[in-house]
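Encoded as structure tokens, the structure appears first; notes follow it.
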There are 2 protein chains.
Amino acid sequence: MNEKYMKEAIKEAKKAYKKDEVPIGAVIVKDNKIIARAHNLKEKKQMVTSHAEIEAIHKAAKKLGTWHLEGCDLYVTLEPCPMCAGAIQQSRMQHVYFGAYDPKGGAIESIVRLYEAKGFNHYPYTTGGVLEEECAQLLKDYFKEKREKKKQEKLIAMEHYNG
Amino acid sequence: MNEKYMKEAIKEAKKAYKKDEVPIGAVIVKDNKIIARAHNLKEKKQMVTSHAEIEAIHKAAKKLGTWHLEGCDLYVTLEPCPMCAGAIQQSRMQHVYFGAYDPKGGAIESIVRLYEAKGFNHYPYTTGGVLEEECAQLLKDYFKEKREKKKQEKLIAMEHYNG
């Protein structure tokens, strides 16, 4: 079940890849139905909040006509950052499932364990590592391609310089 | 200087109060100029991300045409929650000044010290307690008024029941 919805999040991540955005995708599920699908659009929109999770939260809130997302589950291909983990908490999301861990920014288990701090109003359930390899591979491919492009550009620039 | 800009943030908080929103306001300053003013609009917009800080970050990004807010300072009347503290960090904000502390949700010093976690790309400077009393009083007034309205509604409902 978890994998079925994570596969849909991966489809979204691939859409981000095609737009030359860091490939991260998310879906929100309520009563066994996907009510929102979104992917990272930070560079296209030039907005820090346009991470996949928040784009999905906005779509779900618009659909339901309320910011209250109780009873909703979010599936995202990468461990949420503090901003997104906070937004997930603010929206009273029931459960967050994530694929790859993010040692450089993850706020569920990696850099900080936000939901372990005491005193908040709401604590979502969390499950990490759902289809982890597939989610991580997409990110690796993307950054590898980016590095190769940069190398290529440098080579062309040098040819021009020497030519 | 800090107080001058916090006063502008308080003006924004008062606008939220008038709209029956939790009175929190924010401004963003770059090169000694206010480039964005905003207040909490969470209930009006039914969006968890419509906290004053993120509304201000969106306005600043639109104005500058980029999500990069390096060299910008944010003034907000209440200590940011994890979502907003994360967005501030994501946007590479230089310094965040806040008024009142938030023992129920603050992510700078109160519930969690987000910027003390190691491994992030960017760490904003922080200053808390700027015009603290004035910022806190506004929130106290708002919640007191809300409680009194509720009491009044209950009394009227009982009168109807007994009448």
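For the structure tokens, the naming scheme is as follows: chains receive sequential letters (A, B, ...) according to their order of presentation, residues are indexed from 1 within each chain, and ligands are indexed from 1 in presentation order.
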
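Within segment 4-137 of chain B, DSSP applied to the backbone places the following residues in strand (DSSP E): Gly25, Ala26, Val27, Ile28, Val29, Lys30, Lys33, Ile34, Ile35, Ala36, Arg37, Ala38, His39, Cys72, Asp73, Leu74, Tyr75, Val76, Thr77, Leu78, His95, Val96, Tyr97, Phe98, Gly99, Ala100, Tyr125, Thr126 and Thr127 of chain B.
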
Using only C-alpha atoms, determine which residues of chain A fall within 7 Å of chain B; present them as JSON, numbers by chain.
{"A": [46, 47, 48, 49, 58, 61, 66, 67, 82, 83, 84, 85, 86, 87, 90, 91, 104, 105, 111, 112, 117, 118, 119, 120]}

Can you list every residue in segment 7-144 of chain A that DSSP puts in alpha helix (DSSP H), as an MDAnalysis selection string?
chainID A and resid 7:18 42:45 52:64 82:90 132:144

May I ask for the distance between atom CA of Val27 of chain B and atom CA of Cys72 of chain B, given in Å to one decimal place?
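Spanning atom CA of Val27 of chain B to atom CA of Cys72 of chain B is a straight-line distance of 10.2 Å.
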
Check the smallest atom-to-atom distance from each of A:Glu109, A:Glu79, A:Glu21, A:Glu53 to Met93 of chain A using only C-alpha atoms, then report the winner.
A:Glu53

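Excluding segment 4-11 of chain B itself and same-chain residues fewer than 6 positions from it, the residues having an atom within 7 Å of it are B:Gly25, B:Ala26, B:Val27, B:Tyr75, B:Val76, B:Thr77, B:Cys135, counting only C-alpha atoms.
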
Would you put the residues from that selection into a file with C-alpha atoms, as an mmCIF file, in the first residue's frame?
```
data_model
loop_
_atom_site.group_PDB
_atom_site.id
_atom_site.type_symbol
_atom_site.label_atom_id
_atom_site.label_comp_id
_atom_site.auth_asym_id
_atom_site.auth_seq_id
_atom_site.Cartn_x
_atom_site.Cartn_y
_atom_site.Cartn_z
ATOM 1 C CA GLY B 25 3.244 40.835 11.643
ATOM 2 C CA ALA B 26 6.546 40.840 9.785
ATOM 3 C CA VAL B 27 8.690 43.079 7.612
ATOM 4 C CA TYR B 75 11.494 41.319 11.767
ATOM 5 C CA VAL B 76 8.559 39.364 13.188
ATOM 6 C CA THR B 77 6.470 40.007 16.292
ATOM 7 C CA CYS B 135 4.349 42.251 20.758
#
```

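Separating atom CA of Ile108 of chain B from atom CA of Thr127 of chain B is a distance of 9.4 Å.
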